[in-house]
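Trainee: Once you've had a glance at the structure underneath, I'll fire off some questions.
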Number of protein chains: 2
Amino acid sequence: MATSLDQLKTRLGEIHDLRRANALIGWDQQTYMPVGGSAARAEQSATLQKISHELFTADETGRLIDAAAHETDKLDPDSDDARLISVTRRDYHKSRKVPADLVAEIARVTGQAVDVWTQARAKSDWKPFEPYLQKIVDLNRKLADALGYAEKPYDALLDQFEPDMKTSEVKAVFDSIKPDLIELVRQISAKAGAVNDEVLHREYDEQAQWNFGLDVIKRYGFDFDRGRQDRSVHPFTTSFSIGDVRITTRVDRNFISPALFGTLHECGHALYEQGFNQELERTPLADGASLGMHESQSRMWENLVGRSRPFWQFFFPKLQAAFPTQLADQTLDSFYKAANKVSPSFIRVEADEVTYGLHIMLRFELENEMIEGRLKIADVPEAWNAKMQDFMGITPPTTALGALQDIHWSGGMIGYFPTYQLGNLISLQLWDKINADIPDLTEQITRGEFGALLTWLRTNLHQHGRKFTSVELLQRITGGGLNPAPYLKYLKAKFGEVYGL
Amino acid sequence: MATSLDQLKTRLGEIHDLRRANALIGWDQQTYMPVGGSAARAEQSATLQKISHELFTADETGRLIDAAAHETDKLDPDSDDARLISVTRRDYHKSRKVPADLVAEIARVTGQAVDVWTQARAKSDWKPFEPYLQKIVDLNRKLADALGYAEKPYDALLDQFEPDMKTSEVKAVFDSIKPDLIELVRQISAKAGAVNDEVLHREYDEQAQWNFGLDVIKRYGFDFDRGRQDRSVHPFTTSFSIGDVRITTRVDRNFISPALFGTLHECGHALYEQGFNQELERTPLADGASLGMHESQSRMWENLVGRSRPFWQFFFPKLQAAFPTQLADQTLDSFYKAANKVSPSFIRVEADEVTYGLHIMLRFELENEMIEGRLKIADVPEAWNAKMQDFMGITPPTTALGALQDIHWSGGMIGYFPTYQLGNLISLQLWDKINADIPDLTEQITRGEFGALLTWLRTNLHQHGRKFTSVELLQRITGGGLNPAPYLKYLKAKFGEVYGL
């Protein structure tokens with residue numbers, strides 16, 4: 001007779017299988033699917049989601065969780081099994097709190113809203129999108145009420161993506177760094193001519209770009225027996241098991257950054273997914289701790305490693321060998337600076353390391369105001385532009401370059417944006433600890449050696465998967481909570497040097 | 001309130017979604033999946049199959065079938081809805097007849113048997129495979145008893161792949177053509193030197209081979225907005241919807257036939273799948289009528305079209321332009337004959353049009369003897385070799401080149417092989433009718449025009465999907481049953497000319 005824990009694992013394994021099959025459907029849709037496949041594909045995805053949702057929210061799942069908890073009450077609370085039960089219980093209660101008709105209504109509205117947003121952005125016209133965003137904000141408010149929260153409705157929304165993180169804590173941290181970031185951008189803008197990134201926009205053979213990216217991530221430790229890279233319009237990372245993690249990139253013949261840094265970014269996500277303890281396979285713990293923690297990994301390998309001077313000490317000669325004509329007039333120093341040019345700009349996904357955080361903080365502030373009813377939806381574009389002027393000294397000339405640029409709201413996601421900046425902050429908190437633990441890490445990177453870094457991450461972070469929340473992991477690793485000091489110190493030092501401030 | 005028919009369609013739609021998602025899992029496994037993905041992938045596939053099987057065999061499905069039939073008893077019995085109900089009822093009753101523990105036992109044994117067979121074939125040693133084949137034959141006998149049959153147990157097995165086809169009918173047809181085929185092979189073998197196919201084994205650039213294949217199937221009418229071609233070790237066709245049909249091919253630098261004729265073969269399957277009436281989407285009718293009917297389409301486009309002289313009148317100059325060096329010494333006539341060389345050989349999948357049928361008939365005879373207990377499993381290799389000698393005048397020097405060559409038995413499939421030869425026979429019955437209906441088809445093919453042919457197939461065959469069985473379709477199209485005369489006439493005429501008999 002199987003124990004309740006075994007029965008629970010069997011059930012969760014099947015739910016996991018359905019979710020991963022759905023991930024494969026999504027991957028194929030963005031990589032290889034011919035246009036004729038989309039209608040049926042949407043039905044298939046909906047069916048897999050429906051069945052896995054029904055299986056997970058069934059009374060039987062709750063009964064098995066309770067019985068398994070009862071069976072294992074003597075276990076170490078940090079053991080895999082104890083954590084499996086507690087994390088599953090948290091997910092279960094969350095998913096049971098949301099009424100089925102609210103889920104259906106959100107799916108219905110966002111299904112339309114994405115199309116409306118696509119059209120609205122194309123015409124740079126806020127008006128048609130406004131009623132949809134109003135509905136989405138109202139539905140998210142209902143969602144927050146259904147999920148419940150201690151302080152602010154936004155807590156419940158943020159908690160979907162960053163479990164246990166409180167709005168007040170995020171706000172305090174964001175508010176504390178804002179003046180310094182704005183001042184740093186101001187200082188850099190005054191010396192805008194100090195860095196020229198024209199070299200990034202020369203013509204680079206696409207296959208050679210692709211190969212160079214693969215060479216770098218092979219050195220990073222990406223396991224090609226347990227993953228692969230394909231092309232897609234929007235780069236992403238997905239996984240079908242710990243042994244099968246897929247990344248995608250895009251290649252622009254006339255701009256080397258998307259393929260180069262995009263590949264390193266997605267590889268950071270992938271190294272996290274490839275690093276989960278195999279014992280967690282086919283359980284809800286085989287996933288990242290949170291979006292913020294996931295982003296800390298992509299930003300670390302993209303920026304803290306991939307845009308660092310030690311990295312380019314090793315890789316610049318190789319890049320120059322791959323593109324001798326294009327890089328004939330470049331030095332390590334000129335290329336390093338080009339890769340780190342800072343410039344206030346309208347579009348978040350194109351932003352540099354310094355301004356990126358400001359883009360996020362703007363959205364975080366607007367989302368809070370919308371959810372609390374302090375900002376009318378009609379006034380969002382104007383509020384957006386005012387903040388862009390305050391934060392970066394520029395004003396978007398069109399709404400397409402302003403409040404209509406991102407897909408997230410049309411997809412129903414409010415509370416998601418801050419996780420990007422949390423990723424930046426966390427990546428630096430980890431980076432400080434890693435450099436303390438591996439004193440010669442900088443030298444290792446100048447030799448193209450990433451083994452010690454990856455081992456540290458595997459040991460301290462990756463292997464745990466979703467056993468702990470990002471808040472718990474930060475506590476275990478750094479002994480404290482969210483701390484913006486390493487982030488600010490890093491930006492000031494790095495860009496002070498680059499711009500001679 | 002939804003009608004029972006609507007409810008049935010909703011349920012069948014979800015089952016269809018699960019099956020197509022599982023097809024995507026299989027496609028990815030054979031095209032892009034890294035090795036590390038296989039363990040989890042097997043679990044995912046098992047879960048999707050389990051859930052779709054449970055949904056389909058549930059009492060509720062039976063109740064909805066009966067209620068929907070009652071609701072629609074005034075419908076034209078050939079209408080989509082009436083056929084949906086009758087075909088679903090047939091599938092339902094078949095699937096309910098097989099006990100779950102028999103299904104599980106077959107899955108367990110074949111899971112091991114495929115590995116054992118792989119090893120056995122590598123060592124050319126029948127002994128280790130023998131007990132597994134014995135179990136598989138015993139389990140197939142139990143399966144036949146569970147499914148039920150009127151005349152012979154083999155009927156029930158054949159019916160899984162070729163619904164409504166009777167063993168006695170297949171046997172009568174196969175027996176009737178065997179002497180003529182053996183005599184034709186004997187005559188050709190006596191003039192073996194008349195055709196030289198060395199040209200096929202020259203060195204051909206892989207990308208150029210790939211491109212040539214794509215050019216041909218584009219002319220055939222393969223819709224690249226509703227499908228695509230990728231590489232795999234074993235070529236196959238699969239589909240995730242009528243709007244997304246995938247084919248794969250393999251490319252051998254030193255042998256032009258696999259990519260060339262393999263692509264045309266899979267394209268034939270794909271044109272069938274792309275041709276189902278869109279109204280049948282997400283129902284069990286969106287599939288081929290039978291394996292034999294499916295094979296009739298692949299063999300038609302590969303052989304009746306792709307290995308015909310009119311085809312090469314159009315395409316040989318193009319092939320010569322693609323490979324000017326390799327084909328400099330060739331004429332249309334020499335290349336056409338090379339592509340149609342006939343030669344008794346050991347391996348079925350490499351067989352030519354004439355000997356192919358004999359390979360199948362050999363397996364059909366052995367399977368019948370095994371299932372009826374007239375042939376001991378230990379004696380299969382010897383019986384195999386004796387028939388090879390009788391049919392083609394050659395004896396396999398090893399069991400790997402004889403009874404161990406095919407994967408089918410280790411996968412538990414008995415009753416599958418005859419569908420290959422049924423496909424050949426049916427393709428010629430259709431071909432006769434098509435040429436009667438399109439008197440200038442040969443001239444069209446010499447101009448590279450395939451539109452009228454494809455339209456005929458769409459109208460008379462493809463659009464119906466699984467609404468009718470192959471037996472019913474043959475009756476509707478030709479006014480009769482299985483008839484080997486067109487097949488024999490075709491082989492004698494074509495190869496009589498090629499070999500100057």
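Labels used: A, B, ... for chains in the order of the structure tokens, numbers from 1 for residues in each chain, and numbers from 1 for ligands as shown.
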Up to 10 Å from chain B, what residues of chain A turn up? Count only C-alpha atoms and give them as a compact mmCIF listing (two decimals) with all heavy atoms, in the first residue's frame.

Mentor:
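Printed below is out-v1.txt as written:
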# COMPACT_ATOMS: atom_id res chain seq x y z
N GLY A 13 3.38 14.48 -9.79
CA GLY A 13 4.19 14.12 -10.96
C GLY A 13 3.39 14.23 -12.24
O GLY A 13 3.86 14.77 -13.24
N GLU A 14 2.15 13.77 -12.18
CA GLU A 14 1.30 13.86 -13.38
C GLU A 14 0.96 15.31 -13.71
O GLU A 14 0.95 15.70 -14.89
CB GLU A 14 0.03 13.02 -13.19
CG GLU A 14 0.35 11.53 -13.19
CD GLU A 14 -0.87 10.65 -13.00
OE1 GLU A 14 -1.99 11.18 -12.87
OE2 GLU A 14 -0.70 9.41 -12.98
N ILE A 15 0.70 16.08 -12.69
CA ILE A 15 0.42 17.51 -12.91
C ILE A 15 1.65 18.18 -13.52
O ILE A 15 1.55 18.98 -14.46
CB ILE A 15 0.02 18.17 -11.57
CG1 ILE A 15 -1.35 17.64 -11.12
CG2 ILE A 15 0.01 19.69 -11.70
CD1 ILE A 15 -1.67 17.91 -9.66
N HIS A 16 2.81 17.84 -12.98
CA HIS A 16 4.07 18.37 -13.51
C HIS A 16 4.24 17.99 -14.98
O HIS A 16 4.63 18.82 -15.81
CB HIS A 16 5.22 17.80 -12.68
CG HIS A 16 6.53 18.51 -12.87
ND1 HIS A 16 6.81 19.72 -12.28
CD2 HIS A 16 7.63 18.18 -13.58
CE1 HIS A 16 8.02 20.10 -12.62
NE2 HIS A 16 8.55 19.18 -13.41
N ASP A 17 3.94 16.73 -15.31
CA ASP A 17 4.05 16.27 -16.70
C ASP A 17 3.18 17.13 -17.62
O ASP A 17 3.61 17.51 -18.72
CB ASP A 17 3.62 14.81 -16.82
CG ASP A 17 4.61 13.85 -16.17
OD1 ASP A 17 5.80 14.20 -16.04
OD2 ASP A 17 4.19 12.74 -15.78
N LEU A 18 1.96 17.40 -17.18
CA LEU A 18 1.05 18.19 -18.01
C LEU A 18 1.59 19.61 -18.20
O LEU A 18 1.52 20.18 -19.29
CB LEU A 18 -0.34 18.25 -17.36
CG LEU A 18 -1.12 16.93 -17.37
CD1 LEU A 18 -2.28 16.98 -16.38
CD2 LEU A 18 -1.64 16.62 -18.77
N ARG A 19 2.13 20.17 -17.13
CA ARG A 19 2.67 21.54 -17.23
C ARG A 19 3.88 21.59 -18.15
O ARG A 19 4.05 22.54 -18.92
CB ARG A 19 3.02 22.06 -15.84
CG ARG A 19 1.78 22.34 -15.01
CD ARG A 19 2.16 22.78 -13.59
NE ARG A 19 0.95 23.04 -12.80
CZ ARG A 19 0.93 23.14 -11.47
NH1 ARG A 19 2.05 22.99 -10.78
NH2 ARG A 19 -0.21 23.39 -10.84
N ARG A 20 4.73 20.58 -18.06
CA ARG A 20 5.92 20.57 -18.90
C ARG A 20 5.56 20.31 -20.35
O ARG A 20 6.17 20.85 -21.27
CB ARG A 20 6.93 19.55 -18.39
CG ARG A 20 7.49 19.90 -17.00
CD ARG A 20 8.03 21.33 -16.97
NE ARG A 20 8.42 21.70 -15.61
CZ ARG A 20 9.56 22.29 -15.29
NH1 ARG A 20 10.41 22.64 -16.22
NH2 ARG A 20 9.84 22.59 -14.04
N ALA A 21 4.57 19.48 -20.57
CA ALA A 21 4.09 19.27 -21.94
C ALA A 21 3.56 20.59 -22.50
O ALA A 21 3.78 20.93 -23.66
CB ALA A 21 3.00 18.19 -21.97
N ASN A 22 2.89 21.35 -21.64
CA ASN A 22 2.39 22.65 -22.08
C ASN A 22 3.55 23.62 -22.36
O ASN A 22 3.48 24.44 -23.28
CB ASN A 22 1.46 23.24 -21.02
CG ASN A 22 0.73 24.46 -21.52
OD1 ASN A 22 0.26 24.48 -22.66
ND2 ASN A 22 0.65 25.48 -20.70
N LEU A 24 6.38 22.71 -23.57
CA LEU A 24 6.90 22.29 -24.88
C LEU A 24 6.04 22.88 -26.00
O LEU A 24 6.55 23.34 -27.03
CB LEU A 24 6.94 20.77 -24.98
CG LEU A 24 7.43 20.19 -26.32
CD1 LEU A 24 8.84 20.64 -26.64
CD2 LEU A 24 7.36 18.67 -26.31
N ILE A 25 4.73 22.86 -25.78
CA ILE A 25 3.82 23.47 -26.75
C ILE A 25 4.17 24.94 -26.95
O ILE A 25 4.20 25.44 -28.08
CB ILE A 25 2.36 23.31 -26.24
CG1 ILE A 25 1.88 21.90 -26.52
CG2 ILE A 25 1.44 24.35 -26.86
CD1 ILE A 25 0.47 21.64 -26.04
N ASP A 28 7.59 25.29 -28.87
CA ASP A 28 7.44 24.99 -30.30
C ASP A 28 6.75 26.15 -31.03
O ASP A 28 7.12 26.51 -32.14
CB ASP A 28 6.66 23.70 -30.48
CG ASP A 28 6.52 23.32 -31.94
OD1 ASP A 28 7.52 22.89 -32.54
OD2 ASP A 28 5.41 23.46 -32.48
N TYR A 32 9.38 26.85 -33.97
CA TYR A 32 9.27 26.13 -35.24
C TYR A 32 7.86 26.06 -35.82
O TYR A 32 7.69 25.73 -36.98
CB TYR A 32 9.82 24.70 -35.06
CG TYR A 32 11.30 24.68 -34.78
CD1 TYR A 32 11.81 24.34 -33.53
CD2 TYR A 32 12.21 25.06 -35.77
CE1 TYR A 32 13.18 24.36 -33.27
CE2 TYR A 32 13.57 25.09 -35.52
CZ TYR A 32 14.06 24.73 -34.27
OH TYR A 32 15.40 24.76 -34.03
N MET A 33 6.83 26.34 -35.04
CA MET A 33 5.45 26.13 -35.50
C MET A 33 5.12 26.96 -36.75
O MET A 33 5.35 28.15 -36.78
CB MET A 33 4.47 26.49 -34.38
CG MET A 33 3.05 26.10 -34.69
SD MET A 33 1.90 26.70 -33.42
CE MET A 33 1.76 28.42 -33.95
N PRO A 34 4.57 26.31 -37.77
CA PRO A 34 4.09 27.09 -38.92
C PRO A 34 2.84 27.89 -38.52
O PRO A 34 2.15 27.52 -37.57
CB PRO A 34 3.74 26.02 -39.96
CG PRO A 34 3.45 24.79 -39.17
CD PRO A 34 4.32 24.87 -37.94
N VAL A 35 2.56 28.96 -39.26
CA VAL A 35 1.45 29.85 -38.87
C VAL A 35 0.12 29.10 -38.77
O VAL A 35 -0.71 29.42 -37.91
CB VAL A 35 1.28 31.04 -39.85
CG1 VAL A 35 2.47 31.97 -39.76
CG2 VAL A 35 1.09 30.56 -41.29
N GLY A 36 -0.06 28.09 -39.61
CA GLY A 36 -1.33 27.36 -39.61
C GLY A 36 -1.62 26.62 -38.32
O GLY A 36 -2.73 26.15 -38.12
N GLY A 37 -0.62 26.50 -37.46
CA GLY A 37 -0.81 25.71 -36.25
C GLY A 37 -1.41 26.44 -35.08
O GLY A 37 -1.77 25.81 -34.08
N SER A 38 -1.56 27.76 -35.19
CA SER A 38 -1.83 28.52 -33.96
C SER A 38 -3.20 28.27 -33.34
O SER A 38 -3.30 28.18 -32.12
CB SER A 38 -1.57 30.01 -34.15
OG SER A 38 -2.19 30.48 -35.29
N ALA A 39 -4.24 28.17 -34.16
CA ALA A 39 -5.58 28.01 -33.57
C ALA A 39 -5.67 26.73 -32.75
O ALA A 39 -6.05 26.75 -31.57
CB ALA A 39 -6.64 28.00 -34.68
N ALA A 40 -5.28 25.61 -33.35
CA ALA A 40 -5.36 24.35 -32.63
C ALA A 40 -4.42 24.35 -31.43
O ALA A 40 -4.73 23.78 -30.38
CB ALA A 40 -5.02 23.18 -33.56
N ARG A 41 -3.28 25.01 -31.59
CA ARG A 41 -2.30 25.04 -30.51
C ARG A 41 -2.87 25.73 -29.27
O ARG A 41 -2.61 25.30 -28.13
CB ARG A 41 -1.05 25.78 -31.00
CG ARG A 41 0.15 25.61 -30.11
CD ARG A 41 0.50 24.15 -29.92
NE ARG A 41 0.87 23.52 -31.16
CZ ARG A 41 2.14 23.42 -31.59
NH1 ARG A 41 3.12 23.90 -30.87
NH2 ARG A 41 2.40 22.80 -32.71
N ALA A 42 -3.64 26.79 -29.49
CA ALA A 42 -4.24 27.50 -28.35
C ALA A 42 -5.21 26.58 -27.61
O ALA A 42 -5.26 26.57 -26.37
CB ALA A 42 -4.96 28.75 -28.85
N GLU A 43 -5.97 25.78 -28.34
CA GLU A 43 -6.90 24.82 -27.71
C GLU A 43 -6.13 23.79 -26.90
O GLU A 43 -6.52 23.41 -25.79
CB GLU A 43 -7.70 24.07 -28.79
CG GLU A 43 -8.50 24.94 -29.73
CD GLU A 43 -9.93 25.11 -29.27
OE1 GLU A 43 -10.19 24.89 -28.07
OE2 GLU A 43 -10.77 25.46 -30.11
N GLN A 44 -5.04 23.29 -27.49
CA GLN A 44 -4.26 22.25 -26.80
C GLN A 44 -3.70 22.79 -25.49
O GLN A 44 -3.74 22.13 -24.46
CB GLN A 44 -3.13 21.77 -27.72
CG GLN A 44 -3.65 20.95 -28.90
CD GLN A 44 -2.71 20.94 -30.10
OE1 GLN A 44 -1.60 21.46 -30.03
NE2 GLN A 44 -3.15 20.34 -31.19
N SER A 45 -3.19 24.01 -25.56
CA SER A 45 -2.62 24.61 -24.36
C SER A 45 -3.70 24.82 -23.30
O SER A 45 -3.51 24.53 -22.12
CB SER A 45 -1.96 25.94 -24.74
OG SER A 45 -1.32 26.49 -23.63
N ALA A 46 -4.87 25.29 -23.73
CA ALA A 46 -5.97 25.52 -22.80
C ALA A 46 -6.39 24.21 -22.14
O ALA A 46 -6.65 24.15 -20.93
CB ALA A 46 -7.16 26.16 -23.53
N THR A 47 -6.45 23.14 -22.92
CA THR A 47 -6.85 21.84 -22.36
C THR A 47 -5.83 21.34 -21.34
O THR A 47 -6.20 20.88 -20.25
CB THR A 47 -7.01 20.81 -23.50
OG1 THR A 47 -8.13 21.18 -24.29
CG2 THR A 47 -7.21 19.41 -22.95
N LEU A 48 -4.55 21.43 -21.66
CA LEU A 48 -3.53 20.97 -20.70
C LEU A 48 -3.59 21.79 -19.42
O LEU A 48 -3.50 21.24 -18.32
CB LEU A 48 -2.13 21.07 -21.32
CG LEU A 48 -1.82 20.09 -22.44
CD1 LEU A 48 -0.38 20.26 -22.91
CD2 LEU A 48 -2.02 18.65 -22.00
N LYS A 50 -6.23 23.41 -18.24
CA LYS A 50 -7.49 23.10 -17.55
C LYS A 50 -7.35 21.81 -16.75
O LYS A 50 -7.70 21.75 -15.57
CB LYS A 50 -8.59 22.97 -18.60
CG LYS A 50 -9.92 22.45 -18.07
CD LYS A 50 -10.98 22.48 -19.16
CE LYS A 50 -12.29 21.87 -18.71
NZ LYS A 50 -12.33 20.41 -18.86
N ILE A 51 -6.82 20.77 -17.40
CA ILE A 51 -6.74 19.48 -16.72
C ILE A 51 -5.76 19.53 -15.56
O ILE A 51 -6.02 19.01 -14.47
CB ILE A 51 -6.38 18.36 -17.73
CG1 ILE A 51 -7.53 18.20 -18.73
CG2 ILE A 51 -6.12 17.04 -17.01
CD1 ILE A 51 -7.24 17.21 -19.84
N ASP A 223 25.09 22.92 -20.12
CA ASP A 223 25.26 21.52 -20.49
C ASP A 223 24.41 21.21 -21.73
O ASP A 223 23.19 21.12 -21.65
CB ASP A 223 24.82 20.65 -19.30
CG ASP A 223 25.03 19.16 -19.57
OD1 ASP A 223 25.30 18.79 -20.72
OD2 ASP A 223 24.91 18.37 -18.61
N PHE A 224 25.11 21.04 -22.85
CA PHE A 224 24.39 20.82 -24.11
C PHE A 224 23.82 19.41 -24.24
O PHE A 224 23.06 19.14 -25.17
CB PHE A 224 25.28 21.17 -25.31
CG PHE A 224 25.41 22.65 -25.53
CD1 PHE A 224 26.43 23.37 -24.92
CD2 PHE A 224 24.49 23.33 -26.30
CE1 PHE A 224 26.54 24.74 -25.09
CE2 PHE A 224 24.59 24.70 -26.49
CZ PHE A 224 25.62 25.41 -25.88
N ASP A 225 24.18 18.52 -23.33
CA ASP A 225 23.50 17.23 -23.28
C ASP A 225 22.16 17.36 -22.56
O ASP A 225 21.34 16.44 -22.59
CB ASP A 225 24.35 16.19 -22.54
CG ASP A 225 25.50 15.68 -23.40
OD1 ASP A 225 25.42 15.81 -24.64
OD2 ASP A 225 26.48 15.16 -22.82
N ARG A 226 21.98 18.49 -21.86
CA ARG A 226 20.74 18.69 -21.13
C ARG A 226 20.10 20.02 -21.51
O ARG A 226 19.46 20.69 -20.68
CB ARG A 226 21.01 18.64 -19.61
CG ARG A 226 21.55 17.26 -19.17
CD ARG A 226 21.57 17.10 -17.66
NE ARG A 226 22.47 18.04 -17.04
CZ ARG A 226 22.13 18.88 -16.05
NH1 ARG A 226 20.90 18.85 -15.57
NH2 ARG A 226 23.00 19.71 -15.54
N GLY A 227 20.27 20.40 -22.76
CA GLY A 227 19.67 21.64 -23.21
C GLY A 227 20.11 22.00 -24.60
O GLY A 227 21.00 21.35 -25.17
N ARG A 228 19.50 23.02 -25.18
CA ARG A 228 19.89 23.48 -26.50
C ARG A 228 19.44 24.93 -26.69
O ARG A 228 18.63 25.43 -25.93
CB ARG A 228 19.34 22.58 -27.60
CG ARG A 228 17.86 22.27 -27.51
CD ARG A 228 17.40 21.43 -28.70
NE ARG A 228 17.39 22.23 -29.90
CZ ARG A 228 18.08 21.93 -31.01
NH1 ARG A 228 18.76 20.82 -31.08
NH2 ARG A 228 18.03 22.71 -32.05
N GLN A 229 19.96 25.55 -27.73
CA GLN A 229 19.54 26.91 -28.07
C GLN A 229 18.92 26.91 -29.45
O GLN A 229 19.43 26.27 -30.37
CB GLN A 229 20.73 27.87 -28.03
CG GLN A 229 20.35 29.30 -28.43
CD GLN A 229 21.47 30.32 -28.23
OE1 GLN A 229 21.58 30.93 -27.19
NE2 GLN A 229 22.30 30.50 -29.25
N ASP A 230 17.80 27.62 -29.58
CA ASP A 230 17.17 27.81 -30.89
C ASP A 230 16.88 29.29 -31.07
O ASP A 230 17.10 30.09 -30.17
CB ASP A 230 15.87 26.98 -30.96
CG ASP A 230 16.15 25.49 -30.88
OD1 ASP A 230 16.39 24.87 -31.91
OD2 ASP A 230 16.17 24.96 -29.74
N SER A 239 11.86 25.01 -19.70
CA SER A 239 12.44 23.69 -19.50
C SER A 239 11.34 22.64 -19.44
O SER A 239 10.22 22.91 -19.04
CB SER A 239 13.29 23.64 -18.25
OG SER A 239 12.49 23.55 -17.11
N PHE A 240 11.71 21.44 -19.90
CA PHE A 240 10.76 20.33 -19.93
C PHE A 240 11.15 19.29 -18.89
O PHE A 240 10.39 18.38 -18.59
CB PHE A 240 10.69 19.73 -21.33
CG PHE A 240 10.61 20.79 -22.39
CD1 PHE A 240 11.40 20.75 -23.53
CD2 PHE A 240 9.77 21.88 -22.21
CE1 PHE A 240 11.34 21.77 -24.48
CE2 PHE A 240 9.71 22.90 -23.14
CZ PHE A 240 10.50 22.84 -24.28
N SER A 241 12.35 19.44 -18.35
CA SER A 241 12.82 18.65 -17.22
C SER A 241 14.18 19.23 -16.83
O SER A 241 14.71 20.10 -17.54
CB SER A 241 12.96 17.17 -17.58
OG SER A 241 13.93 16.96 -18.59
N ILE A 242 14.73 18.75 -15.72
CA ILE A 242 16.06 19.23 -15.32
C ILE A 242 17.07 18.84 -16.39
O ILE A 242 18.08 19.50 -16.58
CB ILE A 242 16.43 18.67 -13.94
CG1 ILE A 242 15.39 19.09 -12.90
CG2 ILE A 242 17.83 19.12 -13.51
CD1 ILE A 242 15.55 18.42 -11.54
N GLY A 243 16.76 17.77 -17.12
CA GLY A 243 17.66 17.29 -18.16
C GLY A 243 17.37 17.87 -19.53
O GLY A 243 17.96 17.41 -20.52
N ASP A 244 16.47 18.83 -19.63
CA ASP A 244 16.12 19.37 -20.95
C ASP A 244 15.67 20.82 -20.81
O ASP A 244 14.48 21.12 -20.70
CB ASP A 244 15.02 18.52 -21.59
CG ASP A 244 14.76 18.89 -23.05
OD1 ASP A 244 15.41 19.83 -23.55
OD2 ASP A 244 13.90 18.23 -23.67
N VAL A 245 16.65 21.72 -20.83
CA VAL A 245 16.41 23.15 -20.62
C VAL A 245 16.71 23.89 -21.92
O VAL A 245 17.80 23.79 -22.46
CB VAL A 245 17.30 23.69 -19.48
CG1 VAL A 245 17.06 25.17 -19.27
CG2 VAL A 245 17.07 22.90 -18.19
N ARG A 246 15.73 24.60 -22.42
CA ARG A 246 15.89 25.24 -23.73
C ARG A 246 16.01 26.76 -23.59
O ARG A 246 15.25 27.39 -22.87
CB ARG A 246 14.66 24.95 -24.62
CG ARG A 246 14.27 23.48 -24.67
CD ARG A 246 15.07 22.69 -25.66
NE ARG A 246 14.73 21.28 -25.61
CZ ARG A 246 14.01 20.63 -26.53
NH1 ARG A 246 13.55 21.28 -27.58
NH2 ARG A 246 13.77 19.34 -26.41
N GLU A 281 13.02 16.38 -9.26
CA GLU A 281 12.38 16.19 -10.58
C GLU A 281 10.94 15.71 -10.44
O GLU A 281 10.62 14.90 -9.56
CB GLU A 281 13.20 15.18 -11.39
CG GLU A 281 12.74 14.99 -12.83
CD GLU A 281 12.76 16.27 -13.65
OE1 GLU A 281 11.96 17.18 -13.35
OE2 GLU A 281 13.58 16.36 -14.59
N ARG A 282 10.10 16.23 -11.34
CA ARG A 282 8.67 15.87 -11.36
C ARG A 282 7.93 16.26 -10.09
O ARG A 282 6.92 15.65 -9.74
CB ARG A 282 8.46 14.39 -11.66
CG ARG A 282 8.64 14.04 -13.14
CD ARG A 282 8.25 12.60 -13.43
NE ARG A 282 6.86 12.43 -13.77
CZ ARG A 282 6.06 11.53 -13.23
NH1 ARG A 282 6.49 10.73 -12.29
NH2 ARG A 282 4.80 11.44 -13.62

Trainee: Neighbouring residues of Ser4 of chain A were defined as those with any atom within 6 Å, considering only C-alpha atoms; residues of the same chain fewer than 2 positions away were excluded. Please report them as a PyMOL selection string.

Mentor: chain A and resi 6-8+64+67-68

Trainee: Extract, using only C-alpha atoms, all DNA, RNA and protein residues at most 10 Å from Asn277 of chain B, discarding same-chain residues fewer than 6 positions from it, and format them as number ranges by chain.

Mentor: B: 80, 242, 285-286, 458-459, 462-465

Trainee: Take the residues from that selection and write them out as a PDB file, in the first residue's frame, keeping C-alpha atoms.

Mentor:
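File produced: out-v2.pdb:
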ATOM      1  CA  ASP B  80     -19.977  14.291 -40.327  1.00  0.00           C
ATOM      2  CA  ILE B 242      -4.747  19.937 -39.836  1.00  0.00           C
ATOM      3  CA  LEU B 285     -12.177  11.817 -37.581  1.00  0.00           C
ATOM      4  CA  ALA B 286      -9.174  14.093 -38.192  1.00  0.00           C
ATOM      5  CA  ARG B 458      -8.597  15.847 -51.756  1.00  0.00           C
ATOM      6  CA  THR B 459     -12.086  15.464 -53.172  1.00  0.00           C
ATOM      7  CA  HIS B 462      -8.309  13.177 -48.139  1.00  0.00           C
ATOM      8  CA  GLN B 463     -11.206  15.346 -47.028  1.00  0.00           C
ATOM      9  CA  HIS B 464     -13.032  12.396 -45.472  1.00  0.00           C
ATOM     10  CA  GLY B 465     -10.340  11.688 -42.902  1.00  0.00           C
TER      11      GLY B 465
END

Trainee: Which of these, B:Lys433, B:Lys127, B:Lys191, B:Lys489, has the shortest distance to Trp456 of chain B once you count only C-alpha atoms?

Mentor: B:Lys433
